[in-house]
Amino acid sequence: MISLECDNLFSTWREQARWLLSHQVDPSQVSWGEAQAADLFATDEPIPPGPGPFQARIPKALLELLESAACYHGDQRWSLLYEVLWRVSHGDRTAMLAGDKLGSELQRRIKQVSREAHHLHAFVRFIALPAEAGPELPEYVAWHEPAHDILKSASQHFVGRMGRHRWMIATPLDGVYYDGEQLIHQRRCPEAWQQLAQNVEDPHSAMWLTYYSHIFNPARLNPKVMEGHLPSRFWKNLPEGKLIPGLISEARTGKQKDGQAKLVGAKPGKRIANPVNVGAGLPAIAVDQSDVG
Amino acid sequence: MEQLVRVAKLLREEHDFRGYIHLKTIPDADPALIAEAGRYADRLSVNIELPTEASLQTLAPEKQIVSIKQAMQTIYTGEQTVFNEPRAPRFAPAGQSTQMIVGADDTDDSTILHGAEALYGNFKLRRVYYSAFSPIPNSPKSVPLAAPPLMREHRLYQADFLLRSYGFSARELFAGPGHLALDIDPKLAWALEHREVFPLDLNRAEPTLIARIPGIGLRTTQRLVDLRRERKIRFEDLARMRCVLAKAKPFFITSDYHPQQADSTSVLLREQLRDRPQPQQMGLWG
């Protein structure tokens, strides 16, 4: 049994896997683990230095799949990838397809990772630091808690979005800072970044909360679908997260028959006269325009 | 409308906003303004509001179907002008969409979906959004004061996907006027009406036909096609893919599986496969 440590870096794992494959080391003979929690069955088998004789050929698409699945936090994070690599390089391409037992797990991980990248794009809320903070500090900061290692690749999205503004995203593990020209990724998020991102006060949060509770349409409440799109683990870091349980229970206790938030319904509003029927004294018409498009 | 376009322009030019902008235009907007809006917005839309001209006359008499369709035509022409012209200024690269309220009057699903099909054909809309009518407090008595028909909305979206992505036509889904079934999805309804097509052999059938099997979507179809290039498809492969096996089971054959239900009547299958409403606790006081 060979026990390896790749420091959760894909590039390191890739070198190790290439070397293992060249020596035809079977997946059952190798494991990756944290440095502290070495494998129970690990032995100090002599490791032959230098590349071995086996020349593996793999499709380019596989490398991309492996790199994406490598971001997944879970059991056998690295050994699963080696098993896929082993099978494909020995001519069994089904290992990368969803119909295969191993392939379906690989595809499931890739899906989770891309979903987590989407969550970053959807739920990062940048908060502007006061203008007098100075050029050493970012203009916008955000705190986010992703379930997988997606920050480095997925935060590229904001480079296109934010123009030349300076921004920073801190997470419990890593962090990124864009200085207006380049994206800097820190594998261990500096504590100063974490402090900054977690303690910043949003001057506009009251306005946002008012807006959020007013556009809530109790008639359309579907908690199961909402939980799917906005998993509750993100609620604690979103300002509106505190409002959601209250809005749900309001809808459940009678508001669900109305297509309007309670606070909006209490306002007087205005009536639009029906131009055809004005003379006849027929009632005016109000069409609900709850927006989905 | 001028002010809306100005907001989009400011966002793009002064604030360097590069994200997605969806701009709603009003039916009688000046075509020059729509052309300008297309430069800044990713998607443009003009709401058709209601499924038919008659419903529009009753419920939103200040709007006219003619001017709504004219605005759609203006947007469509704008898209066509820059189509395949890489150096032309951009015009609403995410296309146009529209939205209609469903359930505010008695228009049936057949009329709604034939209408949507015409919009997809005539103006190359990307999406039609259906929104179940939900009354607000103090609505007039001419509109239904009931909880919004969310299940009907869901079935309309399912049928809409069949039109846009699965190669179905509205005529295939409706023999005549009427509604979609609420207890089964429209693809299952079609399959039950066309038992002569099934069961399909997943190892041989055309991908477009595989996608017509209830419970098997476009993604699973692609996965099956990828897999059968490498080896024969077996029953257990289906279980691992993300498909609704219970619904699909009577309609396909694999190298190791032939459905027992192939000879069941459609009436019996429907009874087995229909969605059952969640049991509700009855109110204590009636």
# chains A, B, ... in the order shown; residues from 1 in each chain; ligands from 1

$ closest_atom_pairs --of "chain B" --to "chain A" --cutoff "9 Å" --atoms "only C-alpha atoms" --output "Markdown table"
| residue | atom | partner | partner_atom | distance |
| --- | --- | --- | --- | --- |
| B:His15 | CA | A:Gly163 | CA | 8.9 |
| B:Asp16 | CA | A:Gly163 | CA | 6.3 |
| B:Phe17 | CA | A:Arg161 | CA | 6.7 |
| B:Arg18 | CA | A:Arg161 | CA | 5.1 |
| B:Gly19 | CA | A:Arg161 | CA | 5.7 |
| B:His22 | CA | A:Gly293 | CA | 8.8 |
| B:Ser45 | CA | A:Gly293 | CA | 8.3 |
| B:Asn47 | CA | A:Gly293 | CA | 8.8 |
| B:Glu49 | CA | A:Gln289 | CA | 8.5 |
| B:Leu59 | CA | A:Ile285 | CA | 6.5 |
| B:Ala60 | CA | A:Ile285 | CA | 7.4 |
| B:Pro61 | CA | A:Asn274 | CA | 6.8 |
| B:Glu62 | CA | A:Pro275 | CA | 7.0 |
| B:Ser97 | CA | A:Gly293 | CA | 7.4 |
| B:Thr98 | CA | A:Gly293 | CA | 6.9 |
| B:Gln99 | CA | A:Gly293 | CA | 6.2 |
| B:Ile101 | CA | A:Gln289 | CA | 8.0 |
| B:Ala104 | CA | A:Val287 | CA | 8.5 |
| B:Arg127 | CA | A:Gly293 | CA | 8.7 |
| B:Val128 | CA | A:Gly293 | CA | 8.3 |
| B:Tyr129 | CA | A:Gly293 | CA | 6.1 |
| B:Tyr130 | CA | A:Val292 | CA | 8.1 |
| B:Ser131 | CA | A:Val292 | CA | 7.0 |
| B:Ala132 | CA | A:Arg220 | CA | 8.7 |
| B:Phe133 | CA | A:Asp288 | CA | 6.9 |
| B:Ser134 | CA | A:Gly259 | CA | 5.0 |
| B:Pro135 | CA | A:Gly259 | CA | 5.7 |
| B:Ile136 | CA | A:Gly259 | CA | 5.1 |
| B:Pro137 | CA | A:Asp258 | CA | 6.5 |
| B:Asn138 | CA | A:Ala286 | CA | 8.9 |
| B:Ser139 | CA | A:Ala286 | CA | 6.3 |
| B:Pro140 | CA | A:Ile285 | CA | 6.5 |
| B:Lys141 | CA | A:Pro283 | CA | 8.8 |
| B:Ser142 | CA | A:Ile285 | CA | 8.4 |
| B:Val143 | CA | A:Val287 | CA | 8.9 |
| B:Leu145 | CA | A:Lys257 | CA | 8.3 |
| B:Ala146 | CA | A:Lys257 | CA | 6.9 |
| B:Ala147 | CA | A:Lys257 | CA | 5.2 |
| B:Pro148 | CA | A:Ala219 | CA | 6.8 |
| B:Leu150 | CA | A:Arg220 | CA | 7.7 |
| B:Thr220 | CA | A:Ala98 | CA | 8.8 |
| B:Arg223 | CA | A:Ala98 | CA | 6.5 |
| B:Leu224 | CA | A:Gly99 | CA | 7.3 |
| B:Asp226 | CA | A:Leu97 | CA | 7.4 |
| B:Leu227 | CA | A:Gly99 | CA | 6.5 |
| B:Glu230 | CA | A:Thr94 | CA | 6.6 |
| B:Arg231 | CA | A:Thr94 | CA | 8.1 |
| B:Ile233 | CA | A:Gly99 | CA | 8.3 |
| B:Glu236 | CA | A:Gly99 | CA | 8.4 |
| B:Asp237 | CA | A:Gly99 | CA | 4.8 |
| B:Leu238 | CA | A:Gly99 | CA | 6.9 |
| B:Ala239 | CA | A:Gly99 | CA | 8.5 |
| B:Arg240 | CA | A:Gly99 | CA | 6.1 |
| B:Met241 | CA | A:Gly99 | CA | 6.0 |
| B:Arg242 | CA | A:Ala98 | CA | 9.0 |

$ residues_around --residues "B:Pro250" --least-positions-apart "5" --cutoff "12 Å" --atoms "only C-alpha atoms" --output "short mmCIF file (atom, residue, chain, number, x, y, z; two decimals) with N, CA and C atoms, in the first residue's frame"
data_model
loop_
_atom_site.label_atom_id
_atom_site.label_comp_id
_atom_site.auth_asym_id
_atom_site.auth_seq_id
_atom_site.Cartn_x
_atom_site.Cartn_y
_atom_site.Cartn_z
N LEU B 188 -45.96 12.05 -20.50
CA LEU B 188 -46.59 10.76 -20.17
C LEU B 188 -47.95 10.66 -20.86
N ALA B 191 -47.34 9.75 -24.40
CA ALA B 191 -46.90 8.36 -24.53
C ALA B 191 -48.06 7.38 -24.36
N LEU B 192 -48.96 7.70 -23.42
CA LEU B 192 -50.10 6.81 -23.20
C LEU B 192 -51.05 6.80 -24.40
N ARG B 195 -49.09 4.37 -27.73
CA ARG B 195 -48.44 3.14 -27.27
C ARG B 195 -47.78 2.39 -28.42
N VAL B 197 -45.67 3.43 -30.45
CA VAL B 197 -44.26 3.83 -30.57
C VAL B 197 -43.39 3.02 -29.59
N PHE B 198 -43.99 2.58 -28.48
CA PHE B 198 -43.23 1.98 -27.38
C PHE B 198 -43.48 0.48 -27.28
N PRO B 199 -42.67 -0.28 -26.56
CA PRO B 199 -41.43 0.16 -25.91
C PRO B 199 -40.29 0.36 -26.91
N LEU B 200 -39.42 1.33 -26.60
CA LEU B 200 -38.29 1.63 -27.46
C LEU B 200 -37.04 0.91 -26.96
N ASP B 201 -36.26 0.38 -27.90
CA ASP B 201 -35.00 -0.26 -27.52
C ASP B 201 -33.92 0.82 -27.36
N ILE B 213 -39.51 9.36 -24.28
CA ILE B 213 -39.92 8.42 -23.23
C ILE B 213 -40.20 9.21 -21.95
N PRO B 214 -41.35 9.00 -21.32
CA PRO B 214 -41.63 9.72 -20.07
C PRO B 214 -40.54 9.44 -19.04
N GLY B 215 -40.17 10.45 -18.29
CA GLY B 215 -39.18 10.25 -17.24
C GLY B 215 -37.75 10.31 -17.71
N VAL B 244 -36.62 9.37 -14.05
CA VAL B 244 -37.70 8.90 -13.21
C VAL B 244 -38.05 7.49 -13.66
N LEU B 245 -37.40 6.52 -13.02
CA LEU B 245 -37.45 5.14 -13.49
C LEU B 245 -38.87 4.59 -13.50
N TYR B 257 -33.63 -6.35 -20.31
CA TYR B 257 -34.91 -5.97 -19.69
C TYR B 257 -35.99 -5.79 -20.75
N HIS B 258 -37.13 -6.37 -20.49
CA HIS B 258 -38.30 -6.13 -21.32
C HIS B 258 -39.46 -5.84 -20.38
N PRO B 259 -40.18 -4.72 -20.60
CA PRO B 259 -41.18 -4.33 -19.59
C PRO B 259 -42.34 -5.30 -19.51
N GLN B 260 -42.65 -5.70 -18.28
CA GLN B 260 -43.84 -6.52 -18.05
C GLN B 260 -45.10 -5.75 -18.42
N GLN B 261 -45.00 -4.41 -18.21
CA GLN B 261 -46.21 -3.59 -18.41
C GLN B 261 -46.46 -3.28 -19.88
N ALA B 262 -45.63 -3.83 -20.80
CA ALA B 262 -45.79 -3.48 -22.21
C ALA B 262 -47.19 -3.78 -22.72
N ASP B 263 -47.83 -4.78 -22.11
CA ASP B 263 -49.17 -5.15 -22.60
C ASP B 263 -50.30 -4.57 -21.75
N SER B 264 -49.94 -3.85 -20.68
CA SER B 264 -51.01 -3.24 -19.87
C SER B 264 -51.72 -2.18 -20.71
N THR B 265 -53.01 -2.00 -20.43
CA THR B 265 -53.72 -0.95 -21.16
C THR B 265 -53.27 0.42 -20.65
N SER B 266 -53.46 1.45 -21.49
CA SER B 266 -53.07 2.80 -21.08
C SER B 266 -53.86 3.26 -19.86
N LEU B 268 -54.87 1.45 -17.36
CA LEU B 268 -54.25 0.86 -16.17
C LEU B 268 -52.92 1.55 -15.85
N LEU B 269 -52.12 1.78 -16.89
CA LEU B 269 -50.83 2.46 -16.68
C LEU B 269 -51.03 3.83 -16.07
N ARG B 270 -52.02 4.54 -16.60
CA ARG B 270 -52.27 5.88 -16.08
C ARG B 270 -52.62 5.84 -14.60
N GLN B 272 -51.63 3.65 -12.54
CA GLN B 272 -50.43 3.34 -11.75
C GLN B 272 -49.47 4.53 -11.65
N LEU B 273 -49.41 5.34 -12.72
CA LEU B 273 -48.34 6.34 -12.80
C LEU B 273 -48.76 7.75 -12.44
#

$ residues_around --residues "stretch 198-214 of chain A" --least-positions-apart "4" --cutoff "7 Å" --atoms "only C-alpha atoms" --output "ChimeraX atom specification"
/A:127,143,194,240,261,263-264

$ closest_residue --among "B:Glu14, B:Glu2, B:Asp106, B:Asp28" --to "B:His179" --atoms "only C-alpha atoms"
B:Asp106

$ select_by_dssp --residues "stretch 110-261 of chain A" --states "helix (DSSP H, G or I)" --output "ChimeraX atom specification"
/A:110-123,131-133,151-154,156-162,191-199,205-215,218-220,223-229,232-237,239-242,244-252,255-257

$ write_last_selection --atoms "C-alpha atoms" --output "CSV table (one decimal), in the first residue's frame"
chain,number,residue,atom,x,y,z
A,110,ILE,CA,-18.8,17.5,-10.9
A,111,LYS,CA,-22.4,18.6,-10.7
A,112,GLN,CA,-22.1,19.5,-7.0
A,113,VAL,CA,-19.0,21.5,-7.8
A,114,SER,CA,-20.6,23.5,-10.6
A,115,ARG,CA,-23.7,24.0,-8.4
A,116,GLU,CA,-21.5,25.4,-5.7
A,117,ALA,CA,-19.8,27.8,-8.2
A,118,HIS,CA,-23.3,28.9,-9.1
A,119,HIS,CA,-24.0,29.5,-5.4
A,120,LEU,CA,-21.0,31.7,-5.2
A,121,HIS,CA,-22.2,33.8,-8.1
A,122,ALA,CA,-25.7,34.0,-6.7
A,123,PHE,CA,-25.1,34.6,-3.0
A,131,ALA,CA,-14.7,55.7,0.6
A,132,GLU,CA,-12.2,57.0,3.1
A,133,ALA,CA,-10.9,53.5,3.8
A,151,LEU,CA,-13.4,30.0,-4.9
A,152,LYS,CA,-10.3,30.2,-7.0
A,153,SER,CA,-11.9,29.2,-10.3
A,154,ALA,CA,-15.4,30.5,-9.8
A,156,GLN,CA,-13.0,34.7,-12.1
A,157,HIS,CA,-16.7,35.5,-12.9
A,158,PHE,CA,-16.5,38.7,-10.8
A,159,VAL,CA,-13.4,39.9,-12.7
A,160,GLY,CA,-15.7,40.3,-15.8
A,161,ARG,CA,-18.5,41.8,-13.7
A,162,MET,CA,-16.8,44.3,-11.5
A,191,GLU,CA,-7.1,36.5,9.3
A,192,ALA,CA,-7.2,40.2,8.6
A,193,TRP,CA,-9.4,39.5,5.5
A,194,GLN,CA,-11.7,37.3,7.4
A,195,GLN,CA,-12.1,39.9,10.1
A,196,LEU,CA,-12.8,42.7,7.6
A,197,ALA,CA,-15.3,40.7,5.6
A,198,GLN,CA,-17.2,39.4,8.6
A,199,ASN,CA,-17.5,42.7,10.5
A,205,SER,CA,-29.2,46.8,4.3
A,206,ALA,CA,-32.4,48.4,5.7
A,207,MET,CA,-33.5,49.4,2.2
A,208,TRP,CA,-32.7,46.0,0.8
A,209,LEU,CA,-34.7,44.3,3.6
A,210,THR,CA,-37.7,46.5,2.9
A,211,TYR,CA,-37.5,45.7,-0.8
A,212,TYR,CA,-37.2,42.0,-0.2
A,213,SER,CA,-40.1,41.8,2.1
A,214,HIS,CA,-42.3,43.8,-0.2
A,215,ILE,CA,-41.7,41.8,-3.3
A,218,PRO,CA,-47.1,34.8,-0.4
A,219,ALA,CA,-49.4,33.2,-3.0
A,220,ARG,CA,-46.5,31.7,-4.8
A,223,PRO,CA,-40.7,26.2,0.4
A,224,LYS,CA,-39.4,23.0,-1.1
A,225,VAL,CA,-38.3,24.7,-4.4
A,226,MET,CA,-37.0,27.7,-2.5
A,227,GLU,CA,-34.8,25.4,-0.3
A,228,GLY,CA,-33.5,23.8,-3.5
A,229,HIS,CA,-32.5,27.2,-5.0
A,232,SER,CA,-30.7,27.2,4.2
A,233,ARG,CA,-27.0,26.9,5.0
A,234,PHE,CA,-26.6,30.2,3.2
A,235,TRP,CA,-29.3,32.0,5.1
A,236,LYS,CA,-27.1,33.0,8.0
A,237,ASN,CA,-24.8,35.0,5.8
A,239,PRO,CA,-29.2,39.8,5.4
A,240,GLU,CA,-32.7,38.6,4.2
A,241,GLY,CA,-32.1,35.2,5.7
A,242,LYS,CA,-33.6,36.4,9.0
A,244,ILE,CA,-37.4,34.2,5.4
A,245,PRO,CA,-38.9,32.1,8.3
A,246,GLY,CA,-41.3,34.9,9.2
A,247,LEU,CA,-42.5,35.4,5.7
A,248,ILE,CA,-43.1,31.7,5.3
A,249,SER,CA,-45.1,31.5,8.4
A,250,GLU,CA,-47.1,34.6,7.5
A,251,ALA,CA,-48.0,32.9,4.2
A,252,ARG,CA,-48.9,29.7,5.9
A,255,LYS,CA,-51.7,35.2,3.6
A,256,GLN,CA,-51.2,32.5,0.9
A,257,LYS,CA,-54.5,33.5,-0.7

$ atom_distance --atom1 "atom CA of B:Gly217" --atom2 "atom CA of B:Tyr120"
21.2 Å

$ residues_around --residues "B:Met1" --least-positions-apart "4" --cutoff "8 Å" --atoms "only C-alpha atoms" --output "PyMOL selection string"
chain B and resi 5+25-26+29+33

$ closest_residue --among "A:Val88, A:Ile169, A:Val30, A:Leu20" --to "A:Gln76" --atoms "only C-alpha atoms"
A:Val30

$ atom_distance --atom1 "atom CA of B:Cys243" --atom2 "atom CA of B:Leu173"
21.8 Å

$ atom_distance --atom1 "atom CA of B:Phe91" --atom2 "atom CA of B:Ile34"
9.8 Å

$ residues_around --residues "stretch 58-60 of chain A" --least-positions-apart "6" --cutoff "10 Å" --atoms "only C-alpha atoms" --output "list in words"
Leu85, Trp86, Val88, Ser89, His90, Gly91 and Arg93 of chain A

$ write_last_selection --atoms "N, CA and C atoms" --output "short mmCIF file (atom, residue, chain, number, x, y, z; two decimals), in the first residue's frame"
data_model
loop_
_atom_site.label_atom_id
_atom_site.label_comp_id
_atom_site.auth_asym_id
_atom_site.auth_seq_id
_atom_site.Cartn_x
_atom_site.Cartn_y
_atom_site.Cartn_z
N LEU A 85 -9.04 7.50 -13.62
CA LEU A 85 -7.89 7.64 -14.53
C LEU A 85 -7.34 6.28 -14.94
N TRP A 86 -7.25 5.40 -13.96
CA TRP A 86 -6.72 4.05 -14.21
C TRP A 86 -7.57 3.31 -15.25
N VAL A 88 -9.84 4.51 -17.42
CA VAL A 88 -9.88 5.12 -18.76
C VAL A 88 -8.55 4.86 -19.49
N SER A 89 -7.43 4.98 -18.77
CA SER A 89 -6.15 4.80 -19.43
C SER A 89 -5.92 3.33 -19.83
N HIS A 90 -6.71 2.42 -19.22
CA HIS A 90 -6.64 1.02 -19.63
C HIS A 90 -7.77 0.66 -20.59
N GLY A 91 -8.33 1.66 -21.23
CA GLY A 91 -9.25 1.41 -22.34
C GLY A 91 -10.72 1.36 -21.98
N ARG A 93 -13.52 3.51 -21.22
CA ARG A 93 -14.00 4.89 -21.16
C ARG A 93 -15.32 5.06 -20.42
#

$ decode --residues "stretch 66-83 of chain B" --atoms "N, CA and C atoms" --output "PDB file, in the first residue's frame"
ATOM      1  N   VAL B  66     -52.315  44.166 -31.132  1.00  0.00           N
ATOM      2  CA  VAL B  66     -51.590  44.604 -32.333  1.00  0.00           C
ATOM      3  C   VAL B  66     -50.299  45.328 -31.949  1.00  0.00           C
ATOM      4  N   SER B  67     -50.418  46.253 -30.993  1.00  0.00           N
ATOM      5  CA  SER B  67     -49.223  47.021 -30.667  1.00  0.00           C
ATOM      6  C   SER B  67     -48.211  46.153 -29.916  1.00  0.00           C
ATOM      7  N   ILE B  68     -48.705  45.166 -29.146  1.00  0.00           N
ATOM      8  CA  ILE B  68     -47.778  44.255 -28.460  1.00  0.00           C
ATOM      9  C   ILE B  68     -46.982  43.464 -29.493  1.00  0.00           C
ATOM     10  N   LYS B  69     -47.683  42.950 -30.509  1.00  0.00           N
ATOM     11  CA  LYS B  69     -46.985  42.152 -31.517  1.00  0.00           C
ATOM     12  C   LYS B  69     -46.086  43.015 -32.392  1.00  0.00           C
ATOM     13  N   GLN B  70     -46.481  44.275 -32.597  1.00  0.00           N
ATOM     14  CA  GLN B  70     -45.597  45.176 -33.341  1.00  0.00           C
ATOM     15  C   GLN B  70     -44.268  45.358 -32.612  1.00  0.00           C
ATOM     16  N   ALA B  71     -44.369  45.534 -31.284  1.00  0.00           N
ATOM     17  CA  ALA B  71     -43.141  45.707 -30.499  1.00  0.00           C
ATOM     18  C   ALA B  71     -42.282  44.445 -30.587  1.00  0.00           C
ATOM     19  N   MET B  72     -42.920  43.266 -30.540  1.00  0.00           N
ATOM     20  CA  MET B  72     -42.161  42.013 -30.662  1.00  0.00           C
ATOM     21  C   MET B  72     -41.472  41.952 -32.029  1.00  0.00           C
ATOM     22  N   GLN B  73     -42.194  42.402 -33.059  1.00  0.00           N
ATOM     23  CA  GLN B  73     -41.638  42.393 -34.408  1.00  0.00           C
ATOM     24  C   GLN B  73     -40.430  43.337 -34.485  1.00  0.00           C
ATOM     25  N   THR B  74     -40.543  44.498 -33.843  1.00  0.00           N
ATOM     26  CA  THR B  74     -39.430  45.449 -33.851  1.00  0.00           C
ATOM     27  C   THR B  74     -38.189  44.823 -33.222  1.00  0.00           C
ATOM     28  N   ILE B  75     -38.391  44.129 -32.090  1.00  0.00           N
ATOM     29  CA  ILE B  75     -37.261  43.487 -31.419  1.00  0.00           C
ATOM     30  C   ILE B  75     -36.688  42.383 -32.311  1.00  0.00           C
ATOM     31  N   TYR B  76     -37.589  41.592 -32.909  1.00  0.00           N
ATOM     32  CA  TYR B  76     -37.144  40.501 -33.770  1.00  0.00           C
ATOM     33  C   TYR B  76     -36.337  41.032 -34.946  1.00  0.00           C
ATOM     34  N   THR B  77     -36.823  42.127 -35.556  1.00  0.00           N
ATOM     35  CA  THR B  77     -36.095  42.727 -36.682  1.00  0.00           C
ATOM     36  C   THR B  77     -34.707  43.192 -36.230  1.00  0.00           C
ATOM     37  N   GLY B  78     -34.666  43.797 -35.039  1.00  0.00           N
ATOM     38  CA  GLY B  78     -33.383  44.239 -34.492  1.00  0.00           C
ATOM     39  C   GLY B  78     -32.407  43.078 -34.346  1.00  0.00           C
ATOM     40  N   GLU B  79     -32.912  41.936 -33.851  1.00  0.00           N
ATOM     41  CA  GLU B  79     -32.055  40.755 -33.688  1.00  0.00           C
ATOM     42  C   GLU B  79     -31.556  40.266 -35.051  1.00  0.00           C
ATOM     43  N   GLN B  80     -32.483  40.245 -36.035  1.00  0.00           N
ATOM     44  CA  GLN B  80     -32.123  39.770 -37.369  1.00  0.00           C
ATOM     45  C   GLN B  80     -31.066  40.652 -38.015  1.00  0.00           C
ATOM     46  N   THR B  81     -31.145  41.966 -37.746  1.00  0.00           N
ATOM     47  CA  THR B  81     -30.224  42.905 -38.384  1.00  0.00           C
ATOM     48  C   THR B  81     -28.774  42.613 -38.012  1.00  0.00           C
ATOM     49  N   VAL B  82     -28.556  42.246 -36.743  1.00  0.00           N
ATOM     50  CA  VAL B  82     -27.166  42.022 -36.327  1.00  0.00           C
ATOM     51  C   VAL B  82     -26.770  40.549 -36.419  1.00  0.00           C
ATOM     52  N   PHE B  83     -27.735  39.682 -36.775  1.00  0.00           N
ATOM     53  CA  PHE B  83     -27.452  38.247 -36.816  1.00  0.00           C
ATOM     54  C   PHE B  83     -26.331  37.942 -37.809  1.00  0.00           C
TER      55      PHE B  83
END
